Amino acid sequence: MVHAYRMLVERLLKEDLNFPIHLGVTEAGNGDEGRIKSAIGIGTLLKEGIGDTIRVSLTEDPEHEIPVAKKIVEYANPESLFFESIDPFEYNKRKTKQFFNIGRDNSPVVISENSNENSDLYFDRSNQTLVSKNYQIKIGGLKDDFDGVLVSACTFMNDVEEIKDLANDRLIVLEAGLNDDLRTIKECFSECIKQEILCPIILKLNYKDLNADDLLFKASIDLGSLLVDGLVDGVWIQSEDDHNSSELAFKILQASGSRITETEFIACPSCGRTLYNIQDAFAKVKEATAHLKGLKIAVMGCVVNGPGEMADADYGYVGAGKCKVNLYKNRDLVRKGVHEDEAIQALIDLIKENGDWQDLPTN
């Protein structure tokens, strides 16, 4: 969505067509996932100065959409975020060396400040060390002889030459606070590309003054803007609630397509063409299939837009009239006119028939 709008704007500028542009993420879904996808897609573009009207589309009651839209607008003040070293029209993960399992072709890691969290590494404050199951990384300043370098975004830009000399065989933890603008952070990554600084970068964001609701939107927009361009090798969100921070980091990585740790759900909002209870059906589909990591499952309202909008899903659950559902495997219609009372089990059976089902782990 982000790249498509960028290409549209480039074409409009070339043709001298100054039309206003409407933004929306159509199949965002519901809950935190729907809000995060909307924040990443819409917020990234608004911060780049793209977009004149927006619509947040959630598989929820329509009145839930406006507060989300207002939060996105609140945290997405336009900034100049385009740099020659970063191609806005094609996803290219920033080239780095590998540091343990961080960087190069590895998915971004998640850092927490509590050893009890389900993260890849945690920060041992007493020793200033990042700790994983298999290794430890001592963190210090540019002058310290440690494997990890902690540096603020502003210091990074002031000391690029020193960082280039000292940090290419290290890990960088780039630290930014609530008041640091996204342009400065993105400029650090752009400078790494220009200067061929190949060390992996973990982005540490301090949001300790935000409540959980504001944290979700602010972090999604900030991180999403960087993840859609393949710039970040690790995510470290600081907030008052460390558990919520780690969980949010994984959800942002999932929504941006940077790291898949859950089932990916695609779902449209209800409309006049939806003749079955899509909210109820979506909740039941998620409950039945949320453990199928890596699968894409779409729950769509009608056969008018549904088959096209769910085209990249592994399985589709698409409204087909009053209380009726069609089931898809990829783009192929395989079950037609299933009554919604039987459709969830029919979807499970279809997934099993194709060898993609996994039983829930037993304790």
# chains A, B, ... in the order shown; residues from 1 in each chain; ligands from 1

$ select_by_dssp --residues "region 136-356 of chain A" --states "alpha helix (DSSP H)" --output "VMD selection string"
chain A and resid 153 to 158 160 to 166 182 to 195 212 to 227 242 to 255 278 to 289 306 to 309 340 to 353

$ residues_around --residues "Cys192 (chain A)" --least-positions-apart "5" --cutoff "9 Å" --atoms "only C-alpha atoms" --output "PDB file with N, CA and C atoms, in the first residue's frame"
ATOM      1  N   ARG A  94      18.310  -3.175   4.194  1.00  0.00           N
ATOM      2  CA  ARG A  94      19.640  -2.566   4.289  1.00  0.00           C
ATOM      3  C   ARG A  94      20.706  -3.645   4.455  1.00  0.00           C
ATOM      4  N   VAL A 160      29.585  10.513  12.608  1.00  0.00           N
ATOM      5  CA  VAL A 160      29.491   9.458  11.598  1.00  0.00           C
ATOM      6  C   VAL A 160      30.858   8.882  11.249  1.00  0.00           C
ATOM      7  N   LYS A 164      32.002   5.074  11.694  1.00  0.00           N
ATOM      8  CA  LYS A 164      32.460   4.286  10.548  1.00  0.00           C
ATOM      9  C   LYS A 164      33.777   3.590  10.855  1.00  0.00           C
ATOM     10  N   GLU A 187      17.577   9.576   8.853  1.00  0.00           N
ATOM     11  CA  GLU A 187      18.819  10.120   8.305  1.00  0.00           C
ATOM     12  C   GLU A 187      20.028   9.293   8.753  1.00  0.00           C
ATOM     13  N   ILE A 197      28.374   1.730   6.140  1.00  0.00           N
ATOM     14  CA  ILE A 197      28.491   1.241   7.519  1.00  0.00           C
ATOM     15  C   ILE A 197      27.600   0.012   7.632  1.00  0.00           C
ATOM     16  N   LEU A 198      28.205  -1.152   7.784  1.00  0.00           N
ATOM     17  CA  LEU A 198      27.487  -2.412   7.623  1.00  0.00           C
ATOM     18  C   LEU A 198      27.116  -3.097   8.936  1.00  0.00           C
ATOM     19  N   CYS A 199      27.296  -2.423  10.050  1.00  0.00           N
ATOM     20  CA  CYS A 199      26.931  -3.079  11.308  1.00  0.00           C
ATOM     21  C   CYS A 199      25.407  -3.078  11.461  1.00  0.00           C
TER      22      CYS A 199
END

$ closest_residue --among "A:Asp165, A:Asp222, A:Glu340, A:Asp32" --to "Leu46 (chain A)" --atoms "only C-alpha atoms"
A:Asp222

$ select_by_dssp --residues "region 160-293 of chain A" --states "strand (DSSP E)" --output "number ranges by chain"
A: 171-176, 201-206, 234-238, 264-267

$ residues_around --residues "Ala255 (chain A)" --least-positions-apart "3" --cutoff "12 Å" --atoms "only C-alpha atoms" --output "PyMOL selection string"
chain A and resi 25+27-29+32-41+220-221+223-225+227-228+248-252+258-266

$ closest_residue --among "A:Ile237, A:Ala153, A:Ile278, A:Val338" --to "Asn114 (chain A)" --atoms "only C-alpha atoms"
A:Ile237

$ closest_residue --among "A:Phe100, A:Asn30, A:Cys154, A:Ser112" --to "Ile137 (chain A)" --atoms "only C-alpha atoms"
A:Phe100

$ atom_distance --atom1 "CA of Thr26 (chain A)" --atom2 "CA of Thr44 (chain A)"
15.6 Å

$ residues_around --residues "Glu65 (chain A)" --least-positions-apart "5" --cutoff "7 Å" --atoms "only C-alpha atoms" --output "list in words"
Val56, Ser57 and Leu58 of chain A

$ write_last_selection --atoms "C-alpha atoms" --output "PDB file, in the first residue's frame"
ATOM      1  CA  VAL A  56      -9.631   3.632   8.805  1.00  0.00           C
ATOM      2  CA  SER A  57     -11.399   0.344   7.948  1.00  0.00           C
ATOM      3  CA  LEU A  58     -11.840  -2.080  10.847  1.00  0.00           C
TER       4      LEU A  58
END

$ decode --residues "region 324-341 of chain A" --atoms "N, CA and C atoms" --output "PDB file, in the first residue's frame"
ATOM      1  N   LYS A 324     -24.535 -17.322   3.812  1.00  0.00           N
ATOM      2  CA  LYS A 324     -23.762 -18.259   3.000  1.00  0.00           C
ATOM      3  C   LYS A 324     -22.320 -17.786   2.852  1.00  0.00           C
ATOM      4  N   VAL A 325     -21.418 -18.776   2.715  1.00  0.00           N
ATOM      5  CA  VAL A 325     -19.985 -18.489   2.620  1.00  0.00           C
ATOM      6  C   VAL A 325     -19.367 -19.360   1.536  1.00  0.00           C
ATOM      7  N   ASN A 326     -18.465 -18.769   0.753  1.00  0.00           N
ATOM      8  CA  ASN A 326     -17.624 -19.534  -0.171  1.00  0.00           C
ATOM      9  C   ASN A 326     -16.236 -19.680   0.435  1.00  0.00           C
ATOM     10  N   LEU A 327     -15.618 -20.840   0.235  1.00  0.00           N
ATOM     11  CA  LEU A 327     -14.281 -21.093   0.751  1.00  0.00           C
ATOM     12  C   LEU A 327     -13.290 -21.206  -0.413  1.00  0.00           C
ATOM     13  N   TYR A 328     -12.125 -20.578  -0.226  1.00  0.00           N
ATOM     14  CA  TYR A 328     -11.093 -20.539  -1.263  1.00  0.00           C
ATOM     15  C   TYR A 328      -9.800 -21.160  -0.749  1.00  0.00           C
ATOM     16  N   LYS A 329      -9.078 -21.806  -1.645  1.00  0.00           N
ATOM     17  CA  LYS A 329      -7.678 -22.162  -1.426  1.00  0.00           C
ATOM     18  C   LYS A 329      -6.877 -21.337  -2.414  1.00  0.00           C
ATOM     19  N   ASN A 330      -6.090 -20.390  -1.869  1.00  0.00           N
ATOM     20  CA  ASN A 330      -5.463 -19.373  -2.719  1.00  0.00           C
ATOM     21  C   ASN A 330      -6.569 -18.664  -3.506  1.00  0.00           C
ATOM     22  N   ARG A 331      -6.489 -18.659  -4.824  1.00  0.00           N
ATOM     23  CA  ARG A 331      -7.503 -17.950  -5.615  1.00  0.00           C
ATOM     24  C   ARG A 331      -8.588 -18.882  -6.144  1.00  0.00           C
ATOM     25  N   ASP A 332      -8.523 -20.154  -5.770  1.00  0.00           N
ATOM     26  CA  ASP A 332      -9.458 -21.146  -6.313  1.00  0.00           C
ATOM     27  C   ASP A 332     -10.654 -21.335  -5.385  1.00  0.00           C
ATOM     28  N   LEU A 333     -11.851 -21.206  -5.927  1.00  0.00           N
ATOM     29  CA  LEU A 333     -13.074 -21.472  -5.177  1.00  0.00           C
ATOM     30  C   LEU A 333     -13.243 -22.986  -5.050  1.00  0.00           C
ATOM     31  N   VAL A 334     -13.264 -23.511  -3.815  1.00  0.00           N
ATOM     32  CA  VAL A 334     -13.327 -24.961  -3.620  1.00  0.00           C
ATOM     33  C   VAL A 334     -14.607 -25.424  -2.924  1.00  0.00           C
ATOM     34  N   ARG A 335     -15.262 -24.552  -2.165  1.00  0.00           N
ATOM     35  CA  ARG A 335     -16.553 -24.894  -1.535  1.00  0.00           C
ATOM     36  C   ARG A 335     -17.495 -23.705  -1.715  1.00  0.00           C
ATOM     37  N   LYS A 336     -18.662 -23.952  -2.242  1.00  0.00           N
ATOM     38  CA  LYS A 336     -19.579 -22.857  -2.579  1.00  0.00           C
ATOM     39  C   LYS A 336     -20.866 -22.962  -1.767  1.00  0.00           C
ATOM     40  N   GLY A 337     -21.328 -21.821  -1.245  1.00  0.00           N
ATOM     41  CA  GLY A 337     -22.622 -21.753  -0.581  1.00  0.00           C
ATOM     42  C   GLY A 337     -22.709 -22.539   0.717  1.00  0.00           C
ATOM     43  N   VAL A 338     -21.634 -22.560   1.487  1.00  0.00           N
ATOM     44  CA  VAL A 338     -21.646 -23.254   2.788  1.00  0.00           C
ATOM     45  C   VAL A 338     -22.408 -22.388   3.788  1.00  0.00           C
ATOM     46  N   HIS A 339     -23.334 -22.992   4.542  1.00  0.00           N
ATOM     47  CA  HIS A 339     -24.065 -22.219   5.547  1.00  0.00           C
ATOM     48  C   HIS A 339     -23.094 -21.764   6.633  1.00  0.00           C
ATOM     49  N   GLU A 340     -23.282 -20.523   7.099  1.00  0.00           N
ATOM     50  CA  GLU A 340     -22.318 -19.975   8.061  1.00  0.00           C
ATOM     51  C   GLU A 340     -22.235 -20.793   9.350  1.00  0.00           C
ATOM     52  N   ASP A 341     -23.270 -21.528   9.693  1.00  0.00           N
ATOM     53  CA  ASP A 341     -23.208 -22.376  10.885  1.00  0.00           C
ATOM     54  C   ASP A 341     -22.207 -23.512  10.722  1.00  0.00           C
TER      55      ASP A 341
END
